[in-house]
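Colleague: My structure file start34.txt, compact mmCIF, C-alpha atoms, is below:
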# COMPACT_ATOMS: atom_id res chain seq x y z
CA MET J 897 190.91 -109.76 -110.51
CA GLU J 898 194.19 -109.76 -112.43
CA ALA J 899 194.79 -106.79 -114.66
CA SER J 900 195.03 -109.08 -117.67
CA GLU J 901 191.60 -110.66 -117.22
CA LYS J 902 188.66 -109.86 -119.46
CA PRO J 903 186.56 -106.94 -118.18
CA VAL J 904 183.20 -107.77 -116.58
CA LEU J 905 180.19 -105.47 -116.94
CA TYR J 906 177.39 -105.72 -114.41
CA THR J 907 174.42 -104.63 -116.43
CA TYR J 908 170.64 -104.72 -116.93
CA PHE J 909 169.30 -104.88 -120.46
CA ARG J 910 166.92 -101.94 -120.03
CA SER J 911 169.11 -99.67 -117.86
CA SER J 912 169.91 -96.60 -119.93
CA CYS J 913 173.12 -95.97 -117.95
CA SER J 914 174.30 -99.53 -118.65
CA TRP J 915 173.54 -99.04 -122.32
CA ARG J 916 175.81 -95.95 -122.46
CA VAL J 917 178.74 -98.10 -121.32
CA ARG J 918 177.85 -101.00 -123.62
CA ILE J 919 178.03 -98.60 -126.57
CA ALA J 920 181.46 -97.32 -125.46
CA LEU J 921 182.80 -100.87 -125.11
CA ALA J 922 181.40 -101.79 -128.54
CA LEU J 923 182.76 -98.67 -130.27
CA LYS J 924 186.21 -99.27 -128.84
CA GLY J 925 186.13 -102.98 -129.64
CA ILE J 926 186.75 -104.05 -126.04
CA ALA J 927 185.79 -107.69 -125.42
CA TYR J 928 184.01 -108.21 -122.07
CA ASP J 929 181.77 -110.56 -120.14
CA GLN J 930 178.34 -109.57 -118.88
CA THR J 931 176.89 -110.33 -115.46
CA PRO J 932 173.20 -109.44 -115.53
CA VAL J 933 171.70 -107.72 -112.48
CA ASN J 934 167.92 -107.84 -112.63
CA LEU J 935 166.64 -104.56 -111.19
CA VAL J 936 163.10 -105.86 -110.67
CA LYS J 937 163.38 -109.60 -109.93
CA ASP J 938 163.63 -110.71 -106.27
CA GLY J 939 162.72 -107.13 -105.29
CA GLY J 940 165.83 -105.91 -107.15
CA GLN J 941 169.06 -107.90 -107.24
CA GLN J 942 171.07 -104.67 -106.94
CA LEU J 943 169.88 -104.52 -103.32
CA SER J 944 171.58 -107.83 -102.37
CA SER J 945 174.37 -107.62 -99.81
CA GLU J 946 176.88 -109.12 -102.28
CA PHE J 947 176.15 -106.45 -104.88
CA GLN J 948 175.96 -103.69 -102.31
CA ALA J 949 179.44 -104.64 -101.07
CA MET J 950 180.75 -104.09 -104.60
CA ASN J 951 178.67 -101.00 -105.36
CA PRO J 952 177.33 -99.11 -102.33
CA MET J 953 175.21 -97.07 -104.74
CA GLN J 954 173.24 -100.24 -105.60
CA GLN J 955 173.11 -99.30 -109.26
CA VAL J 956 174.23 -100.64 -112.61
CA PRO J 957 176.48 -100.35 -114.50
CA VAL J 958 179.61 -101.52 -112.70
CA LEU J 959 182.71 -102.32 -114.74
CA LYS J 960 185.53 -104.49 -113.41
CA ILE J 961 188.56 -103.72 -115.54
CA ASP J 962 192.35 -103.46 -115.16
CA GLY J 963 192.11 -104.74 -111.59
CA VAL J 964 189.70 -102.04 -110.41
CA THR J 965 185.94 -101.69 -109.93
CA LEU J 966 184.48 -98.63 -111.63
CA LEU J 967 181.10 -97.05 -110.91
CA GLN J 968 179.04 -94.30 -112.60
CA SER J 969 178.58 -94.53 -116.34
CA LEU J 970 180.25 -91.24 -117.33
CA ALA J 971 183.25 -91.89 -115.06
CA ILE J 972 183.58 -95.33 -116.66
CA ILE J 973 183.38 -93.91 -120.17
CA GLU J 974 186.00 -91.23 -119.41
CA TYR J 975 188.27 -93.97 -118.02
CA LEU J 976 187.86 -96.05 -121.17
CA GLU J 977 188.65 -92.97 -123.25
CA GLU J 978 191.80 -92.23 -121.27
CA THR J 979 193.10 -95.80 -121.35
CA ARG J 980 191.80 -96.92 -124.78
CA PRO J 981 191.66 -93.74 -126.88
CA ASN J 982 190.99 -95.42 -130.23
CA PRO J 983 188.57 -94.53 -131.63
CA ARG J 984 188.17 -91.25 -129.75
CA ILE J 985 184.77 -90.39 -128.31
CA LEU J 986 185.94 -87.04 -126.97
CA PRO J 987 187.27 -84.46 -129.48
CA LEU J 988 190.77 -83.05 -128.93
CA ASP J 989 189.71 -79.39 -128.81
CA PRO J 990 188.85 -78.34 -125.21
CA LYS J 991 185.86 -76.24 -126.34
CA LYS J 992 184.40 -79.16 -128.26
CA ARG J 993 185.09 -81.48 -125.31
CA ALA J 994 183.17 -79.02 -123.13
CA GLN J 995 180.22 -79.22 -125.54
CA VAL J 996 180.28 -83.02 -125.40
CA ARG J 997 180.41 -83.04 -121.60
CA MET J 998 177.73 -80.35 -121.38
CA ILE J 999 175.28 -82.47 -123.36
CA SER J 1000 176.31 -85.65 -121.54
CA ASN J 1001 175.80 -84.03 -118.14
CA HIS J 1002 172.56 -82.40 -119.22
CA ILE J 1003 171.20 -85.89 -119.88
CA ALA J 1004 172.98 -87.71 -117.03
CA SER J 1005 172.25 -85.12 -114.32
CA GLY J 1006 169.39 -83.07 -115.73
CA ILE J 1007 167.05 -85.64 -117.27
CA GLN J 1008 167.73 -89.29 -116.45
CA PRO J 1009 167.79 -89.05 -112.62
CA LEU J 1010 164.42 -87.29 -112.58
CA GLN J 1011 162.66 -90.08 -114.45
CA ASN J 1012 164.45 -92.87 -112.62
CA LEU J 1013 162.59 -95.57 -110.69
CA SER J 1014 163.17 -94.10 -107.22
CA VAL J 1015 161.56 -90.78 -108.12
CA LEU J 1016 158.71 -92.31 -110.11
CA GLN J 1017 157.77 -94.52 -107.16
CA GLN J 1018 157.11 -91.35 -105.16
CA MET J 1019 154.84 -89.88 -107.81
CA GLY J 1020 151.95 -92.35 -107.54
CA GLU J 1021 149.29 -91.63 -110.15
CA LYS J 1022 151.30 -88.70 -111.55
CA LYS J 1023 154.12 -91.09 -112.53
CA LEU J 1024 153.70 -91.04 -116.31
CA ASP J 1025 152.94 -87.30 -116.44
CA TRP J 1026 156.04 -86.56 -114.39
CA ALA J 1027 158.34 -88.69 -116.54
CA GLN J 1028 156.97 -87.10 -119.71
CA HIS J 1029 157.33 -83.62 -118.24
CA CYS J 1030 160.97 -84.14 -117.22
CA ILE J 1031 162.02 -85.64 -120.51
CA SER J 1032 160.14 -83.08 -122.62
CA HIS J 1033 161.53 -80.19 -120.60
CA GLY J 1034 165.08 -81.56 -120.97
CA PHE J 1035 164.64 -82.34 -124.67
CA LYS J 1036 163.34 -78.84 -125.38
CA ALA J 1037 166.60 -77.41 -124.02
CA LEU J 1038 168.67 -80.05 -125.76
CA GLU J 1039 167.02 -79.42 -129.12
CA GLN J 1040 168.00 -75.75 -128.81
CA ILE J 1041 171.58 -76.57 -127.75
CA LEU J 1042 172.03 -78.96 -130.66
CA GLN J 1043 171.34 -76.09 -133.10
CA ASP J 1044 174.79 -74.78 -132.08
CA THR J 1045 176.71 -78.04 -131.72
CA ALA J 1046 175.33 -80.69 -134.04
CA GLY J 1047 176.58 -81.99 -137.33
CA ARG J 1048 175.63 -85.48 -138.31
CA TYR J 1049 175.77 -86.33 -134.57
CA CYS J 1050 175.41 -84.34 -131.31
CA VAL J 1051 178.74 -82.51 -131.63
CA GLY J 1052 180.02 -82.35 -135.18
CA ASN J 1053 180.31 -85.35 -137.43
CA GLU J 1054 182.06 -87.84 -135.17
CA VAL J 1055 180.39 -90.06 -132.55
CA THR J 1056 181.08 -88.73 -129.04
CA MET J 1057 180.13 -89.48 -125.43
CA ALA J 1058 177.14 -87.17 -125.92
CA ASP J 1059 175.72 -89.60 -128.48
CA LEU J 1060 176.18 -92.47 -126.02
CA CYS J 1061 173.88 -90.57 -123.67
CA LEU J 1062 171.40 -89.41 -126.30
CA VAL J 1063 170.28 -92.74 -127.76
CA PRO J 1064 169.44 -94.45 -124.42
CA GLN J 1065 167.55 -91.30 -123.32
CA VAL J 1066 165.47 -91.33 -126.50
CA TYR J 1067 164.75 -95.01 -125.81
CA ASN J 1068 163.47 -94.00 -122.36
CA ALA J 1069 161.40 -91.23 -123.93
CA GLU J 1070 159.75 -93.78 -126.19
CA ARG J 1071 159.06 -96.08 -123.22
CA PHE J 1072 157.25 -93.19 -121.54
CA LYS J 1073 155.41 -92.32 -124.78
CA VAL J 1074 156.89 -88.83 -125.09
CA ASP J 1075 155.87 -87.10 -128.33
CA LEU J 1076 159.16 -86.54 -130.18
CA THR J 1077 157.69 -84.41 -132.99
CA PRO J 1078 158.90 -81.12 -131.43
CA TYR J 1079 162.51 -82.38 -131.44
CA PRO J 1080 163.46 -82.99 -135.08
CA THR J 1081 167.22 -82.65 -134.48
CA ILE J 1082 167.20 -85.15 -131.60
CA SER J 1083 165.14 -87.53 -133.72
CA ARG J 1084 167.41 -87.18 -136.76
CA ILE J 1085 170.60 -87.79 -134.77
CA ASN J 1086 169.07 -90.72 -132.90
CA LYS J 1087 168.09 -92.34 -136.20
CA ALA J 1088 171.57 -91.84 -137.68
CA LEU J 1089 173.21 -93.35 -134.59
CA LEU J 1090 170.94 -96.39 -134.55
CA GLU J 1091 172.30 -97.28 -137.97
CA LEU J 1092 175.74 -97.88 -136.45
CA GLU J 1093 176.69 -101.39 -135.43
CA ALA J 1094 177.92 -100.40 -131.93
CA PHE J 1095 174.50 -98.98 -131.11
CA GLN J 1096 172.74 -102.04 -132.51
CA THR J 1097 174.74 -104.79 -130.77
CA SER J 1098 174.45 -102.94 -127.44
CA HIS J 1099 170.69 -102.34 -127.78
CA PRO J 1100 168.41 -103.44 -124.90
CA SER J 1101 166.56 -105.77 -127.28
CA ARG J 1102 169.73 -107.80 -127.97
CA GLN J 1103 171.33 -108.51 -124.60
CA PRO J 1104 171.92 -111.90 -122.92
CA ASP J 1105 169.43 -110.93 -120.19
CA THR J 1106 166.76 -109.54 -122.52
CA PRO J 1107 163.49 -111.37 -121.76
CA PRO J 1108 161.79 -112.99 -124.80
CA GLU J 1109 159.02 -110.37 -124.92
CA PHE J 1110 161.61 -107.58 -125.36
CA LYS J 1111 163.77 -109.40 -127.92
CA ALA J 1112 164.24 -107.74 -131.28
CA MET V 345 182.94 -61.66 -126.17
CA GLU V 346 186.62 -61.38 -126.97
CA ALA V 347 188.78 -64.25 -125.82
CA SER V 348 190.92 -61.85 -123.81
CA GLU V 349 188.03 -60.49 -121.71
CA LYS V 350 187.55 -61.39 -118.08
CA PRO V 351 185.34 -64.47 -117.59
CA VAL V 352 181.79 -63.88 -116.37
CA LEU V 353 180.02 -66.34 -114.07
CA TYR V 354 176.24 -66.31 -113.94
CA THR V 355 175.59 -67.54 -110.43
CA TYR V 356 173.25 -67.64 -107.43
CA PHE V 357 174.72 -67.48 -103.95
CA ARG V 358 172.90 -70.56 -102.67
CA SER V 359 173.09 -72.74 -105.82
CA SER V 360 175.29 -75.73 -104.97
CA CYS V 361 176.22 -76.22 -108.64
CA SER V 362 177.35 -72.57 -108.88
CA TRP V 363 179.41 -73.01 -105.73
CA ARG V 364 181.29 -75.96 -107.28
CA VAL V 365 182.46 -73.67 -110.09
CA ARG V 366 183.26 -70.77 -107.76
CA ILE V 367 185.60 -73.08 -105.83
CA ALA V 368 187.35 -74.19 -109.04
CA LEU V 369 187.85 -70.58 -110.14
CA ALA V 370 189.20 -69.65 -106.69
CA LEU V 371 191.54 -72.66 -106.49
CA LYS V 372 192.98 -71.88 -109.90
CA GLY V 373 193.25 -68.17 -109.17
CA ILE V 374 191.12 -67.14 -112.16
CA ALA V 375 189.80 -63.58 -111.86
CA TYR V 376 186.17 -63.25 -112.98
CA ASP V 377 183.09 -61.09 -112.76
CA GLN V 378 179.81 -62.31 -111.30
CA THR V 379 176.35 -61.71 -112.71
CA PRO V 380 173.82 -62.82 -110.11
CA VAL V 381 170.73 -64.70 -111.29
CA ASN V 382 168.13 -64.80 -108.53
CA LEU V 383 166.39 -68.18 -108.76
CA VAL V 384 163.42 -67.12 -106.63
CA LYS V 385 162.90 -63.38 -107.25
CA ASP V 386 160.45 -62.34 -110.02
CA GLY V 387 159.34 -66.00 -110.18
CA GLY V 388 162.91 -66.98 -111.06
CA GLN V 389 165.18 -64.78 -113.18
CA GLN V 390 166.59 -67.89 -114.88
CA LEU V 391 163.23 -68.19 -116.66
CA SER V 392 163.58 -64.83 -118.44
CA SER V 393 163.82 -64.94 -122.22
CA GLU V 394 167.25 -63.25 -122.17
CA PHE V 395 168.68 -65.89 -119.86
CA GLN V 396 166.93 -68.71 -121.64
CA ALA V 397 168.49 -67.61 -124.94
CA MET V 398 171.92 -67.99 -123.34
CA ASN V 399 171.13 -71.17 -121.42
CA PRO V 400 168.16 -73.20 -122.70
CA MET V 401 168.43 -75.32 -119.54
CA GLN V 402 167.45 -72.22 -117.47
CA GLN V 403 169.96 -73.08 -114.78
CA VAL V 404 173.02 -71.60 -113.14
CA PRO V 405 175.97 -71.73 -113.35
CA VAL V 406 176.88 -70.42 -116.79
CA LEU V 407 180.47 -69.39 -117.49
CA LYS V 408 181.43 -67.10 -120.36
CA ILE V 409 185.11 -67.63 -120.95
CA ASP V 410 187.58 -67.67 -123.87
CA GLY V 411 184.84 -66.51 -126.23
CA VAL V 412 182.44 -69.37 -125.46
CA THR V 413 179.45 -69.94 -123.19
CA LEU V 414 179.78 -73.03 -121.02
CA LEU V 415 176.94 -74.82 -119.23
CA GLN V 416 176.82 -77.65 -116.64
CA SER V 417 179.10 -77.37 -113.62
CA LEU V 418 181.17 -80.52 -114.17
CA ALA V 419 181.69 -79.75 -117.86
CA ILE V 420 182.82 -76.25 -116.88
CA ILE V 421 185.23 -77.60 -114.24
CA GLU V 422 186.72 -80.15 -116.69
CA TYR V 423 187.22 -77.31 -119.21
CA LEU V 424 189.01 -75.17 -116.63
CA GLU V 425 191.19 -78.17 -115.74
CA GLU V 426 192.10 -78.77 -119.38
CA THR V 427 192.88 -75.12 -120.15
CA ARG V 428 194.28 -73.99 -116.75
CA PRO V 429 195.83 -77.13 -115.23
CA ASN V 430 197.60 -75.42 -112.31
CA PRO V 431 196.88 -76.41 -109.64
CA ARG V 432 195.48 -79.75 -110.80
CA ILE V 433 192.09 -80.85 -109.48
CA LEU V 434 192.20 -84.17 -111.32
CA PRO V 435 195.05 -86.59 -110.53
CA LEU V 436 197.27 -87.81 -113.39
CA ASP V 437 196.61 -91.53 -112.81
CA PRO V 438 193.56 -92.71 -114.82
CA LYS V 439 192.34 -94.95 -111.99
CA LYS V 440 192.46 -92.07 -109.52
CA ARG V 441 190.77 -89.80 -112.06
CA ALA V 442 188.01 -92.40 -112.34
CA GLN V 443 187.56 -92.32 -108.56
CA VAL V 444 187.30 -88.52 -108.61
CA ARG V 445 184.73 -88.59 -111.42
CA MET V 446 182.82 -91.46 -109.77
CA ILE V 447 182.33 -89.42 -106.59
CA SER V 448 181.61 -86.23 -108.55
CA ASN V 449 178.97 -87.96 -110.66
CA HIS V 450 177.50 -89.75 -107.67
CA ILE V 451 176.78 -86.33 -106.16
CA ALA V 452 175.97 -84.48 -109.40
CA SER V 453 173.71 -87.17 -110.89
CA GLY V 454 172.77 -89.37 -107.92
CA ILE V 455 172.02 -86.90 -105.13
CA GLN V 456 171.73 -83.23 -106.12
CA PRO V 457 169.11 -83.55 -108.91
CA LEU V 458 166.77 -85.51 -106.62
CA GLN V 459 166.67 -82.78 -103.99
CA ASN V 460 166.50 -79.93 -106.47
CA LEU V 461 163.68 -77.40 -106.50
CA SER V 462 161.76 -78.91 -109.44
CA VAL V 463 161.41 -82.29 -107.74
CA LEU V 464 160.68 -80.88 -104.30
CA GLN V 465 157.84 -78.79 -105.71
CA GLN V 466 156.15 -82.06 -106.75
CA MET V 467 156.47 -83.61 -103.31
CA GLY V 468 154.07 -81.31 -101.43
CA GLU V 469 154.03 -82.10 -97.72
CA LYS V 470 156.60 -84.89 -98.18
CA LYS V 471 159.16 -82.32 -99.38
CA LEU V 472 161.50 -82.28 -96.38
CA ASP V 473 161.26 -86.07 -95.84
CA TRP V 474 162.10 -86.68 -99.49
CA ALA V 475 165.12 -84.35 -99.52
CA GLN V 476 166.43 -85.94 -96.33
CA HIS V 477 165.88 -89.44 -97.71
CA CYS V 478 167.74 -88.73 -100.98
CA ILE V 479 170.70 -87.09 -99.31
CA SER V 480 170.97 -89.72 -96.54
CA HIS V 481 170.73 -92.56 -99.03
CA GLY V 482 173.43 -90.99 -101.20
CA PHE V 483 175.66 -90.13 -98.25
CA LYS V 484 175.42 -93.69 -96.89
CA ALA V 485 176.88 -94.97 -100.18
CA LEU V 486 179.42 -92.16 -100.33
CA GLU V 487 180.63 -92.80 -96.78
CA GLN V 488 181.32 -96.42 -97.78
CA ILE V 489 183.11 -95.42 -101.00
CA LEU V 490 185.31 -92.93 -99.17
CA GLN V 491 186.68 -95.78 -97.02
CA ASP V 492 188.50 -96.92 -100.19
CA THR V 493 189.44 -93.56 -101.71
CA ALA V 494 189.92 -90.93 -99.02
CA GLY V 495 193.03 -89.50 -97.51
CA ARG V 496 192.84 -86.03 -96.07
CA TYR V 497 190.28 -85.27 -98.82
CA CYS V 498 187.86 -87.36 -100.94
CA VAL V 499 190.57 -88.98 -103.07
CA GLY V 500 193.97 -88.99 -101.44
CA ASN V 501 195.58 -85.92 -99.96
CA GLU V 502 195.08 -83.38 -102.73
CA VAL V 503 191.95 -81.33 -103.40
CA THR V 504 190.07 -82.70 -106.42
CA MET V 505 186.85 -82.10 -108.33
CA ALA V 506 185.17 -84.56 -105.94
CA ASP V 507 185.81 -82.16 -103.06
CA LEU V 508 184.25 -79.33 -105.08
CA CYS V 509 181.08 -81.42 -105.21
CA LEU V 510 181.20 -82.65 -101.62
CA VAL V 511 181.22 -79.37 -99.71
CA PRO V 512 178.20 -77.80 -101.49
CA GLN V 513 176.27 -81.06 -101.04
CA VAL V 514 177.00 -81.09 -97.29
CA TYR V 515 175.79 -77.47 -97.21
CA ASN V 516 172.53 -78.64 -98.81
CA ALA V 517 172.31 -81.49 -96.29
CA GLU V 518 172.55 -78.98 -93.47
CA ARG V 519 169.88 -76.79 -95.07
CA PHE V 520 167.57 -79.82 -95.06
CA LYS V 521 168.56 -80.72 -91.48
CA VAL V 522 170.03 -84.11 -92.37
CA ASP V 523 171.67 -85.81 -89.38
CA LEU V 524 175.32 -86.15 -90.37
CA THR V 525 176.36 -88.29 -87.37
CA PRO V 526 176.33 -91.53 -89.43
CA TYR V 527 178.86 -90.04 -91.90
CA PRO V 528 182.04 -89.32 -89.93
CA THR V 529 184.32 -89.45 -92.99
CA ILE V 530 182.15 -87.03 -94.98
CA SER V 531 182.02 -84.71 -91.96
CA ARG V 532 185.76 -84.86 -91.39
CA ILE V 533 186.63 -84.11 -95.03
CA ASN V 534 184.07 -81.32 -95.23
CA LYS V 535 185.56 -79.68 -92.15
CA ALA V 536 189.11 -79.95 -93.53
CA LEU V 537 188.04 -78.42 -96.85
CA LEU V 538 186.21 -75.52 -95.22
CA GLU V 539 189.52 -74.47 -93.70
CA LEU V 540 190.88 -73.70 -97.17
CA GLU V 541 190.64 -70.16 -98.50
CA ALA V 542 189.14 -71.17 -101.87
CA PHE V 543 186.20 -72.82 -100.10
CA GLN V 544 185.75 -69.82 -97.80
CA THR V 545 185.79 -67.01 -100.37
CA SER V 546 183.38 -68.95 -102.61
CA HIS V 547 180.98 -69.76 -99.74
CA PRO V 548 177.26 -68.87 -100.19
CA SER V 549 177.47 -66.59 -97.15
CA ARG V 550 180.11 -64.36 -98.82
CA GLN V 551 178.87 -63.64 -102.33
CA PRO V 552 177.93 -60.27 -103.86
CA ASP V 553 174.29 -61.44 -104.11
CA THR V 554 174.09 -62.93 -100.60
CA PRO V 555 171.12 -61.30 -98.83
CA PRO V 556 171.92 -59.71 -95.43
CA GLU V 557 170.19 -62.50 -93.48
CA PHE V 558 172.52 -65.11 -95.04
CA LYS V 559 175.74 -63.11 -94.67
CA ALA V 560 178.51 -64.67 -92.62
Would you mind writing the file's structure down as structure tokens?
Modeller:
Amino acid sequence: MEASEKPVLYTYFRSSCSWRVRIALALKGIAYDQTPVNLVKDGGQQLSSEFQAMNPMQQVPVLKIDGVTLLQSLAIIEYLEETRPNPRILPLDPKKRAQVRMISNHIASGIQPLQNLSVLQQMGEKKLDWAQHCISHGFKALEQILQDTAGRYCVGNEVTMADLCLVPQVYNAERFKVDLTPYPTISRINKALLELEAFQTSHPSRQPDTPPEFKA
Amino acid sequence: MEASEKPVLYTYFRSSCSWRVRIALALKGIAYDQTPVNLVKDGGQQLSSEFQAMNPMQQVPVLKIDGVTLLQSLAIIEYLEETRPNPRILPLDPKKRAQVRMISNHIASGIQPLQNLSVLQQMGEKKLDWAQHCISHGFKALEQILQDTAGRYCVGNEVTMADLCLVPQVYNAERFKVDLTPYPTISRINKALLELEAFQTSHPSRQPDTPPEFKA
């Protein structure tokens, strides 16, 4: 791909990691094309040899941009921030940046992987209980952390990478019917973020590959 | 804590996430004190109310530094890089930085959480099989990725954050008796890194809280 070509995002409408990147692209006003990768159809299109050659991790999202192929949602978002810093989604102050990354990693390493498909498939009948347990346990910690960091959003009053992780994780929590009553700060921030256009246009219910039954 | 005080790392000798941070501190020549948190003794000291008040996630590592309390190993390492950039463990080129973060996140989100204690406890008799499966699956992808990125180390010829994630993950693989023969690049890089002093002094076998039977 030539560096001047439009970026291409390999994505799945309901993948929470893909959604994080879609929000970043929307916030920064970066035009891109989508190539849907259906994680369930044909036994999972991410397992095809063509896709595997591009991403050995067999996961979405993948972003082709500036002549390179980028994997891992947080690495992609940090790259976008470093190459397209307006508007910023990481604060300038190192201590605030650490708070943003702490929350982002708490979700991306501490919650999401534990309720991902590969783990749930091992859990058999305990599947729903396990997903609820992992998310609730992670949200309990997050609710406490947000008491120190939050303003209108996760860290202060500007949208940051932490918010890009929060909203898709709350969406997953709702899919797994987690009771959100004990997490009023998470719920408040999620609601405020969903009022923003970048979170709306990137929503799983509004993607080119969203099936009719999931359309908004 | 005053900003001028010596940093304190809450750590456990065998925690792979703690080891990542110990390597960063050693590489950058940052003097610090250790407070051991025994993850198995007394049912897990990380579950105490004192520790939980400091880290709601009930995990190590925690780093108290510059008057703040930092959680999550990669967020801590990025903070150290931003505030103590010599020697660098992230390249200057954004595309290379993305490669470093891609590998770091692949390990920190895609491998380590799946073979962590909380998941293994759910797996009953399948525990060892599951840990081996997760690590092998992740290493297969990583071996392929390293064909594009590696020089002497994970990304080029300088030590980066990716290397700080690699060595502790290989240590975990060995604990779980994963056959490393199919991953010659991972094995080669791991061996080269273990020759460096920062990886040796931070090793689980040489910590203040290492029990006699695990001492080097």
Colleague: With all atoms listed in the file considered, list every residue of chain J at most 7 Å from chain V, as number ranges by chain.
Modeller: J: 952-953, 967-968, 971-972, 975, 978, 990, 994, 997-998, 1001-1002, 1004-1006, 1009-1010, 1037, 1040-1041
Colleague: Just the number, please: distance in Å from atom CA of Pro351 of chain V to atom CA of Gly1047 of chain J, one decimal.
Modeller: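 Interatomic distance, atom CA of Pro351 of chain V to atom CA of Gly1047 of chain J: 27.8 Å.
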Colleague: For a test of reading the model, state the distance in Å between atom CA of Arg984 of chain J and atom CA of Thr1045 of chain J, rounded to one decimal.
Modeller: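 The value is 17.6 Å.
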Colleague: Which polymer residues have any atom within 8 Å of an atom of Asn1086 of chain J, counting only C-alpha atoms, with same-chain residues fewer than 3 positions away left out, as a VMD selection string?
Modeller: chain J and resid 1062 to 1063 1066 1082 to 1083 1089 to 1090
Colleague: Would you kindly return, as a list in words, each protein, DNA or RNA residue with an atom no farther than 8 Å from any atom of Ile985 of chain J, considering all atoms listed in the file and excluding same-chain residues fewer than 3 positions away?
Modeller: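 Using all atoms listed in the file, the neighbours found are Glu977, Pro981, Glu1054, Val1055, Thr1056 and Met1057 of chain J.
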Colleague: Please list as a VMD selection string every residue within 12 Å of Pro1107 of chain J, counting all atoms listed in the file and excluding residues in the same chain fewer than 2 positions away.
Modeller: chain J and resid 908 to 910 932 934 937 1100 to 1105 1109 to 1112
Colleague: Filtering to C-alpha atoms, could you give me those residues as a short mmCIF file (atom, residue, chain, number, x, y, z; two decimals), keeping the file's coordinate frame?
Modeller:
data_model
loop_
_atom_site.label_atom_id
_atom_site.label_comp_id
_atom_site.auth_asym_id
_atom_site.auth_seq_id
_atom_site.Cartn_x
_atom_site.Cartn_y
_atom_site.Cartn_z
CA TYR J 908 170.64 -104.72 -116.93
CA PHE J 909 169.30 -104.88 -120.46
CA ARG J 910 166.92 -101.94 -120.03
CA PRO J 932 173.20 -109.44 -115.53
CA ASN J 934 167.92 -107.84 -112.63
CA LYS J 937 163.38 -109.60 -109.93
CA PRO J 1100 168.41 -103.44 -124.90
CA SER J 1101 166.56 -105.77 -127.28
CA ARG J 1102 169.73 -107.80 -127.97
CA GLN J 1103 171.33 -108.51 -124.60
CA PRO J 1104 171.92 -111.90 -122.92
CA ASP J 1105 169.43 -110.93 -120.19
CA GLU J 1109 159.02 -110.37 -124.92
CA PHE J 1110 161.61 -107.58 -125.36
CA LYS J 1111 163.77 -109.40 -127.92
CA ALA J 1112 164.24 -107.74 -131.28
#
Colleague: For atom CA of Val365 of chain V and atom CA of Arg428 of chain V, determine how far apart the two atoms are, in Å to one decimal place.
Modeller: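 Computing it gives 13.6 Å between the two atoms.
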Colleague: List the spatial neighbours of Val1074 of chain J as a PyMOL selection string - criterion: any atom at most 7 Å away, all atoms listed in the file, same-chain residues fewer than 4 positions off excluded.
Modeller: chain J and resi 1028+1069-1070
Colleague: Can I get the selection written as a CSV table (one decimal), in the coordinates of the input, with C-alpha atoms?
Modeller:
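Listed below is the output, selection-v2.csv:
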chain,number,residue,atom,x,y,z
J,1028,GLN,CA,157.0,-87.1,-119.7
J,1069,ALA,CA,161.4,-91.2,-123.9
J,1070,GLU,CA,159.8,-93.8,-126.2
Colleague: May I ask which of the residues J:Pro1108, J:Gly939, J:Pro983, J:Pro1064 is the closest one to Gly925 of chain J, counting all atoms listed in the file?
Modeller: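 Between J:Pro1108, J:Gly939, J:Pro983, J:Pro1064, the residue approaching Gly925 of chain J most closely is J:Pro983.
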Colleague: Which residue out of J:Ser914, J:Ser944, J:Thr907, J:Thr1097 has the minimum interatomic distance to Thr931 of chain J when all atoms listed in the file are used?
Modeller: J:Thr907
Colleague: Compare V:Glu539, V:Glu394, V:Asp507, V:Asp492 by their minimum atom-to-atom distance to Ala368 of chain V, counting all atoms listed in the file, and give me the closest one.
Modeller: V:Asp507
Colleague: Hey, which of J:Cys913, J:Val1051, J:Leu1013, J:Val958 ends up closest to Val936 of chain J? Count all atoms listed in the file.
Modeller: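 Of J:Cys913, J:Val1051, J:Leu1013, J:Val958, the one nearest Val936 of chain J is J:Leu1013, counting all atoms listed in the file.
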Colleague: Place a sphere of radius 6 Å on (181.3, -67.4, -105.8) in the file coordinates and name every protein, DNA or RNA residue with an atom inside or on its surface, counting all atoms listed in the file; give the answer as a list in words.
Modeller: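 All residues meeting the 6 Å criterion around (181.3, -67.4, -105.8) are Trp363, Arg366, Ser546 and Gln551 of chain V.
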